[in-house]
Structure formats: structure tokens, C-alpha cells
Amino acid sequence: MTLPEASSQSPDEMVNFTLLSPAAAPILAPRLGNLAVAGRTAIPTPNYIPLTSRGAVPHIAHDVMRDQTAIGSLFIGLEDFIEKQANTGPLRKGSPPIYNVPTAPHESALRKFISVPEEFLLILGPRRVPSIVCPPNNTPNSISVLTSVGFRQLEAGEYVEAVRKLRPDIVVGLADLAQGQTPGSKRRVKMADRTHAFTSHATEQLYGQTVPEGSRSKSAYFAPVLPLENTQQSLYLADLEHDLRPHISGLALHESASLSILPEKLGNLPRLLFSDPATPHDILRQVSLGADIFTIPFLGATSDAGIALDFTFPAPSTAETAASESRPLAFDLWSSSFKVDTASLSGSCECYTCKNHHRAYIHHLLSTKEMLAWTLLQIHNHHTIDKFFSAIRASIERGTFDTDADMFHRVYAPDLPEKTGQGPRLRGHQLPAAGPHQTRRFPRVYGRLDDAAEKFAESESSIATPDTGADGLEAHGFAQKTT
């Protein structure tokens, strides 16, 4: 199934977001909705968007994702594909390979390049989630990104052109964020002005009156809302509410506090939240404030750490009276206590991992550094989050969300377990630089043969040969002379 040709559609018509209950929800309240894009799997909200690395959910192959998970949408960071350009060198000339994918007029180059089904909903952002802090050198025309070969600037015009070429279903607009630092008053003014300019430029270039009707982008635009106070971005929010409103299909918020400053006229737009919740408790708090769609970095982080999520919503009714201590949200399978534990990861779980494998087996896989361990954990943890959000939606529909959330807070521990074991080998974009002369993060596993040859060539006496006498063999430990 493909997206129909709809060049006459406005961005607001490309995404159909319907509020189900309550239909006229106030700004700070949980709400049910349905996010639909033509030809794609609809997303009931509240819900989450699985995160990717170079277009793939870490540890899960495409066939496993299709057969053993309920994943139907993906968030992709453009910085994963736009490796740093160089003036010289045959391997770095020209445009990145993702821009050279041959496509028909109705096809998405992004979809073809990462090879996902037509029904998957694809959301493109400038940076991956979670992102590594880049040097604070955003400019009025660009933001700093980290590619596979280093830092570079992503210009506003380049991002617009990427949207045209890649044709994602939804695009998250550029935002001038001060990552890793607390911005001062002047920096906050720049953040608001630049983000306002980025949004105005992108919507004009993609959907403006000067763009020929047949050339207007079919990607829906989610405008960023900065992690600032209302007064610091009031002009920008007013423009979103009035002049830019016909061109935007949703909002991308970078902290949950921004939910309280949204104008009422933007209340019917879907809200995609990049707030990096640390626990399920945080997710429940943000749902109570009216967030619709989440990105959840701790989901992949727990799998990497060998931790299996183990919670249900609403909390088990027996837990409040049967346990004097809080129930753990998850358990660490690196622990030696699971060496002979043949129970499934969770007794009530129906995922592939729990149906076919037990805790002792996954503990063994982790101990032997088998990649299958992280695949099985990803399947289980994604299934747990799927059930969590499904139960949240059912609770809102019943009208018991506040009571259920309060019970969950009382029953379960406030934090996830601390990481104890060694996770999979990390890539450069997952490891923030600690300094200019930091020590090697991973020791070399294999040495160069040349190094060994030079060492052995230093002295003939250091190597035992067929001509070595008895004294030499004894010196090398190969034999012992007898009298």
C-alpha cells in the first residue's frame, strides 16, 4: 500500500488526529486519540515511537520485528545518514547514499533505504534520540549534529531538501537547543528567534504559496516547542497559533513542562514528547499532563544493560497488601541468582521470549556475550511497554486513570535497577567524549601481526628453532635436561 497522490492537501490534512475521550480535553489532562496517516498503520494514543539506529531498532532484525513484535512506527534521525562531506577522497565525494536511492514519484527514498514495510509510519528528526551533546555552535542558519565520522553543521536549507528527497510521513522541525548547558537570558532569546525562523522557513519552502501545487511536500510537519517559559517564546507560539497554523500538523515538545504553556487553539494537535522519561512513573505523570506520543530511551538502555522490565498497569491488587516493600520495576539478568532459574521473564507475559526461553538461558547468553541475549530482551521489553500503553488507554477510557496511576506509584519502586553487567559494544555516537586525551574505552582485542614479528625479530635467541640446542629448549621451557 502506498500513499495516494494528494498534492492539493494541506499538511494539517495529511495527518488525521482525532481526540476520542474526552473530545474537548483541557490542556493538562490525560486524553485518548488516534493518529492516522493515509496508507500507514494508525497509532492509538497515548503511545510511544520505537527508536532506531541507522533506521533499525537495535538488536532486532527486520524479520524478527515483523514476526515477533507489534512495532508499526519508527523514529529516524537524519544525522545517522549524512556522514561528513570532504573535499577530497573518492569515498566521500558527492551526496550521501540515502539521497541516491532510485524511487518512483510516489515512493519514499527513506523507506526504501531502510527497507521497512509500506504500512510503517516513519517520523524523521534532525538528530537521533537520545542524542550526544554536540559542541554548542548552532548558528542562525544551522544546528550542530554528530554523524558517523564526526561533527558537522546541518543547515536549514539542507534539512528542507532532505525532507523533499526522503519523503518521511512526519518530519520534526529544526530547533535551536542548548544541550548539556543551562542557557542564559541572551541565549534563550536566540533559541526562540532561531527556532521561529527555522519553522517559518521550512513551512514556507515545503508548503508555501510560492511552491507549485504539485511540488508541495506530502510530509506532515511537527513544529518544535522549546524547553523555555511561555514569555520567552510568546511571539513564536503566537505565530504557531495564527500564521503558521495552516502548515503544521503536530507539536514536538522537548520537556513535559511545555505542555502547560500551549495555546488552546493548538490543543487539538498531536503532541510528540522528547522528554527522556527515566521510569514508567515519569510516563504516567506526562500522560496525566496531556502528552500523546513518547520517545523512551530507557527502553533500549535497559535491554543493553541486561535488564528485563517486569511491571503491569494497573498494579496487581495483591501487591499492596502482600508486600511490605516496593515491587521492582525490572530485574538484572546478570545476577548469579538466575543461573538455575527456569522461570520465564514474567509470568503473565505472552511475548516470544517468555514463551520460549527462561531466565537461566538469558543469563547464560549474557555471560557468554551472545548477541541473542539482547535480541530476546528487546523483544520482551518492547512487548512490556506495548502492554503498558494499551492498559493506560483502557484506564483513561474507564475514567480510572488517576486512581490507577496513584496505585502504580505506591506499589512499584521509584527507579529502575542499577546497571551491573557489561552491555554490548557501543558505537562512537553512543559515547560522549570525556576530554581531549581520554583513555581508550575498549582495549584492543586483536593485535597486528607486524607487531609480533618485530618483537620476535629483536633477537634470534628469543625464538626456539629446530636448530636450538638442549640448553636453549630448557631456557624456553620446552624441555628439561637430564643427567
# chains A, B, ... in the order shown; residues from 1 in each chain; ligands from 1
$ residues_around --residues "segment 255-261 of chain A" --least-positions-apart "5" --cutoff "10 Å" --atoms "only C-alpha atoms" --output "ChimeraX atom specification"
/A:27-29,225-231,233-234,237,267,271,273-277,282-283,285-287,289-291
$ write_last_selection --atoms "N, CA and C atoms" --output "mmCIF file, in the first residue's frame"
data_model
loop_
_atom_site.group_PDB
_atom_site.id
_atom_site.type_symbol
_atom_site.label_atom_id
_atom_site.label_comp_id
_atom_site.auth_asym_id
_atom_site.auth_seq_id
_atom_site.Cartn_x
_atom_site.Cartn_y
_atom_site.Cartn_z
ATOM 1 N N ILE A 27 -5.947 21.361 28.586
ATOM 2 C CA ILE A 27 -4.531 21.207 28.254
ATOM 3 C C ILE A 27 -3.848 20.190 29.169
ATOM 4 N N LEU A 28 -4.020 20.291 30.465
ATOM 5 C CA LEU A 28 -3.310 19.432 31.414
ATOM 6 C C LEU A 28 -4.224 18.316 31.897
ATOM 7 N N ALA A 29 -4.469 17.346 31.022
ATOM 8 C CA ALA A 29 -5.324 16.214 31.378
ATOM 9 C C ALA A 29 -5.007 15.054 30.446
ATOM 10 N N VAL A 225 8.510 22.903 20.035
ATOM 11 C CA VAL A 225 8.245 23.838 21.129
ATOM 12 C C VAL A 225 9.427 23.734 22.077
ATOM 13 N N LEU A 226 10.061 24.856 22.357
ATOM 14 C CA LEU A 226 11.316 24.864 23.099
ATOM 15 C C LEU A 226 11.096 24.658 24.598
ATOM 16 N N PRO A 227 12.118 24.139 25.302
ATOM 17 C CA PRO A 227 12.038 23.993 26.763
ATOM 18 C C PRO A 227 12.292 25.322 27.463
ATOM 19 N N LEU A 228 11.426 26.298 27.167
ATOM 20 C CA LEU A 228 11.524 27.636 27.738
ATOM 21 C C LEU A 228 10.179 28.036 28.326
ATOM 22 N N GLU A 229 10.175 29.124 29.082
ATOM 23 C CA GLU A 229 8.932 29.637 29.619
ATOM 24 C C GLU A 229 8.096 30.277 28.517
ATOM 25 N N ASN A 230 6.835 30.450 28.823
ATOM 26 C CA ASN A 230 5.914 30.996 27.837
ATOM 27 C C ASN A 230 6.341 32.378 27.364
ATOM 28 N N THR A 231 6.757 33.224 28.297
ATOM 29 C CA THR A 231 7.124 34.590 27.933
ATOM 30 C C THR A 231 8.350 34.648 27.029
ATOM 31 N N GLN A 233 9.088 32.612 24.589
ATOM 32 C CA GLN A 233 8.796 32.207 23.213
ATOM 33 C C GLN A 233 7.361 32.577 22.833
ATOM 34 N N SER A 234 6.867 33.639 23.436
ATOM 35 C CA SER A 234 5.469 34.028 23.228
ATOM 36 C C SER A 234 5.200 34.411 21.773
ATOM 37 N N LEU A 237 5.039 31.167 19.721
ATOM 38 C CA LEU A 237 3.805 30.417 19.966
ATOM 39 C C LEU A 237 2.609 31.119 19.339
ATOM 40 N N GLY A 267 -4.564 22.974 20.907
ATOM 41 C CA GLY A 267 -4.857 21.823 21.748
ATOM 42 C C GLY A 267 -5.306 20.596 20.995
ATOM 43 N N ARG A 271 0.742 15.716 20.246
ATOM 44 C CA ARG A 271 1.916 16.215 20.966
ATOM 45 C C ARG A 271 2.938 15.093 21.086
ATOM 46 N N LEU A 273 6.466 14.015 22.459
ATOM 47 C CA LEU A 273 7.266 14.488 23.590
ATOM 48 C C LEU A 273 8.652 13.846 23.598
ATOM 49 N N PHE A 274 9.710 14.694 23.567
ATOM 50 C CA PHE A 274 11.096 14.242 23.649
ATOM 51 C C PHE A 274 11.658 14.583 25.039
ATOM 52 N N SER A 275 11.055 14.072 26.089
ATOM 53 C CA SER A 275 11.444 14.488 27.430
ATOM 54 C C SER A 275 12.368 13.501 28.137
ATOM 55 N N ASP A 276 12.694 12.372 27.497
ATOM 56 C CA ASP A 276 13.580 11.368 28.073
ATOM 57 C C ASP A 276 13.108 10.911 29.451
ATOM 58 N N PRO A 277 11.912 10.290 29.541
ATOM 59 C CA PRO A 277 11.453 9.804 30.855
ATOM 60 C C PRO A 277 12.394 8.728 31.379
ATOM 61 N N ASP A 282 7.467 8.340 35.344
ATOM 62 C CA ASP A 282 7.547 9.594 34.589
ATOM 63 C C ASP A 282 6.563 9.593 33.430
ATOM 64 N N ILE A 283 6.428 8.459 32.759
ATOM 65 C CA ILE A 283 5.490 8.370 31.644
ATOM 66 C C ILE A 283 4.068 8.634 32.128
ATOM 67 N N ARG A 285 3.113 10.387 34.691
ATOM 68 C CA ARG A 285 2.965 11.813 35.021
ATOM 69 C C ARG A 285 2.759 12.638 33.748
ATOM 70 N N GLN A 286 3.500 12.293 32.711
ATOM 71 C CA GLN A 286 3.396 13.058 31.473
ATOM 72 C C GLN A 286 2.093 12.760 30.726
ATOM 73 N N VAL A 287 1.600 11.529 30.820
ATOM 74 C CA VAL A 287 0.278 11.219 30.265
ATOM 75 C C VAL A 287 -0.782 12.051 30.980
ATOM 76 N N LEU A 289 -0.534 14.922 32.027
ATOM 77 C CA LEU A 289 -0.453 16.310 31.578
ATOM 78 C C LEU A 289 -0.922 16.494 30.146
ATOM 79 N N GLY A 290 -1.278 15.386 29.480
ATOM 80 C CA GLY A 290 -1.822 15.500 28.136
ATOM 81 C C GLY A 290 -0.872 15.156 27.011
ATOM 82 N N ALA A 291 0.259 14.501 27.291
ATOM 83 C CA ALA A 291 1.170 14.070 26.220
ATOM 84 C C ALA A 291 0.538 12.917 25.440
#
$ select_by_dssp --residues "segment 62-129 of chain A" --states "alpha helix (DSSP H)" --output "PyMOL selection string"
chain A and resi 62-68+109-114
$ write_last_selection --atoms "N, CA and C atoms" --output "PDB file, in the first residue's frame"
ATOM      1  N   HIS A  62      14.840  -7.079  10.829  1.00  0.00           N
ATOM      2  CA  HIS A  62      13.546  -6.701  10.278  1.00  0.00           C
ATOM      3  C   HIS A  62      12.543  -7.848  10.305  1.00  0.00           C
ATOM      4  N   ASP A  63      12.991  -9.071  10.027  1.00  0.00           N
ATOM      5  CA  ASP A  63      12.045 -10.189  10.023  1.00  0.00           C
ATOM      6  C   ASP A  63      11.566 -10.509  11.443  1.00  0.00           C
ATOM      7  N   VAL A  64      12.459 -10.362  12.431  1.00  0.00           N
ATOM      8  CA  VAL A  64      12.056 -10.560  13.827  1.00  0.00           C
ATOM      9  C   VAL A  64      11.088  -9.466  14.251  1.00  0.00           C
ATOM     10  N   MET A  65      11.360  -8.242  13.845  1.00  0.00           N
ATOM     11  CA  MET A  65      10.467  -7.132  14.168  1.00  0.00           C
ATOM     12  C   MET A  65       9.075  -7.367  13.583  1.00  0.00           C
ATOM     13  N   ARG A  66       9.030  -7.901  12.371  1.00  0.00           N
ATOM     14  CA  ARG A  66       7.751  -8.167  11.714  1.00  0.00           C
ATOM     15  C   ARG A  66       6.995  -9.306  12.380  1.00  0.00           C
ATOM     16  N   ASP A  67       7.694 -10.387  12.725  1.00  0.00           N
ATOM     17  CA  ASP A  67       7.026 -11.603  13.200  1.00  0.00           C
ATOM     18  C   ASP A  67       6.811 -11.642  14.704  1.00  0.00           C
ATOM     19  N   GLN A  68       7.660 -10.972  15.486  1.00  0.00           N
ATOM     20  CA  GLN A  68       7.630 -11.163  16.938  1.00  0.00           C
ATOM     21  C   GLN A  68       7.357  -9.891  17.732  1.00  0.00           C
ATOM     22  N   ALA A 109      12.254   7.586  -0.477  1.00  0.00           N
ATOM     23  CA  ALA A 109      13.644   7.120  -0.503  1.00  0.00           C
ATOM     24  C   ALA A 109      14.060   6.617   0.875  1.00  0.00           C
ATOM     25  N   LEU A 110      13.575   7.246   1.926  1.00  0.00           N
ATOM     26  CA  LEU A 110      13.892   6.806   3.281  1.00  0.00           C
ATOM     27  C   LEU A 110      13.357   5.403   3.527  1.00  0.00           C
ATOM     28  N   ARG A 111      12.126   5.152   3.136  1.00  0.00           N
ATOM     29  CA  ARG A 111      11.517   3.837   3.338  1.00  0.00           C
ATOM     30  C   ARG A 111      12.263   2.750   2.567  1.00  0.00           C
ATOM     31  N   LYS A 112      12.661   3.055   1.332  1.00  0.00           N
ATOM     32  CA  LYS A 112      13.375   2.064   0.526  1.00  0.00           C
ATOM     33  C   LYS A 112      14.775   1.814   1.074  1.00  0.00           C
ATOM     34  N   PHE A 113      15.431   2.857   1.553  1.00  0.00           N
ATOM     35  CA  PHE A 113      16.808   2.712   2.015  1.00  0.00           C
ATOM     36  C   PHE A 113      16.892   1.854   3.266  1.00  0.00           C
ATOM     37  N   ILE A 114      15.937   2.011   4.192  1.00  0.00           N
ATOM     38  CA  ILE A 114      15.971   1.220   5.425  1.00  0.00           C
ATOM     39  C   ILE A 114      15.115  -0.036   5.321  1.00  0.00           C
TER      40      ILE A 114
END
$ atom_distance --atom1 "atom CA of Pro424 of chain A" --atom2 "atom CA of Ile362 of chain A"
14.1 Å
$ residues_around --residues "segment 337-350 of chain A" --least-positions-apart "3" --cutoff "6 Å" --atoms "only C-alpha atoms" --output "mmCIF file with all heavy atoms, in the first residue's frame"
data_model
loop_
_atom_site.group_PDB
_atom_site.id
_atom_site.type_symbol
_atom_site.label_atom_id
_atom_site.label_comp_id
_atom_site.auth_asym_id
_atom_site.auth_seq_id
_atom_site.Cartn_x
_atom_site.Cartn_y
_atom_site.Cartn_z
ATOM 1 N N CYS A 354 9.345 -14.918 26.498
ATOM 2 C CA CYS A 354 8.795 -15.589 27.679
ATOM 3 C C CYS A 354 8.148 -16.926 27.329
ATOM 4 O O CYS A 354 8.113 -17.840 28.163
ATOM 5 C CB CYS A 354 7.775 -14.675 28.356
ATOM 6 S SG CYS A 354 8.527 -13.255 29.188
ATOM 7 N N HIS A 358 13.906 -19.123 29.229
ATOM 8 C CA HIS A 358 13.811 -18.822 30.649
ATOM 9 C C HIS A 358 14.977 -17.940 31.095
ATOM 10 O O HIS A 358 15.904 -17.652 30.316
ATOM 11 C CB HIS A 358 13.741 -20.093 31.488
ATOM 12 C CG HIS A 358 14.774 -21.132 31.147
ATOM 13 N ND1 HIS A 358 16.117 -20.925 31.333
ATOM 14 C CD2 HIS A 358 14.648 -22.389 30.621
ATOM 15 C CE1 HIS A 358 16.789 -22.001 30.966
ATOM 16 N NE2 HIS A 358 15.915 -22.902 30.517
ATOM 17 N N ARG A 359 14.932 -17.544 32.343
ATOM 18 C CA ARG A 359 15.909 -16.593 32.864
ATOM 19 C C ARG A 359 17.328 -17.149 32.873
ATOM 20 O O ARG A 359 18.280 -16.426 32.561
ATOM 21 C CB ARG A 359 15.507 -16.182 34.284
ATOM 22 C CG ARG A 359 14.131 -15.551 34.369
ATOM 23 C CD ARG A 359 13.745 -15.237 35.800
ATOM 24 N NE ARG A 359 12.398 -14.679 35.889
ATOM 25 C CZ ARG A 359 11.855 -14.194 36.997
ATOM 26 N NH1 ARG A 359 12.564 -14.210 38.129
ATOM 27 N NH2 ARG A 359 10.630 -13.709 36.997
ATOM 28 N N ALA A 360 17.472 -18.422 33.208
ATOM 29 C CA ALA A 360 18.815 -19.017 33.256
ATOM 30 C C ALA A 360 19.461 -19.000 31.876
ATOM 31 O O ALA A 360 20.676 -18.770 31.752
ATOM 32 C CB ALA A 360 18.731 -20.451 33.789
#
$ closest_residue --among "A:Glu397, A:Gly173, A:Glu79, A:Arg167" --to "Leu20 of chain A" --atoms "only C-alpha atoms"
A:Glu397
$ atom_distance --atom1 "atom CA of Gly33 of chain A" --atom2 "atom CA of His247 of chain A"
20.9 Å
$ residues_around --residues "Lys387 of chain A" --least-positions-apart "2" --cutoff "12 Å" --atoms "only C-alpha atoms" --output "VMD selection string"
chain A and resid 46 to 48 69 to 70 309 to 314 348 to 351 380 to 385 389 to 394
$ closest_residue --among "A:Pro270, A:Pro135, A:Gly421, A:Gly214" --to "Leu32 of chain A" --atoms "only C-alpha atoms"
A:Pro270
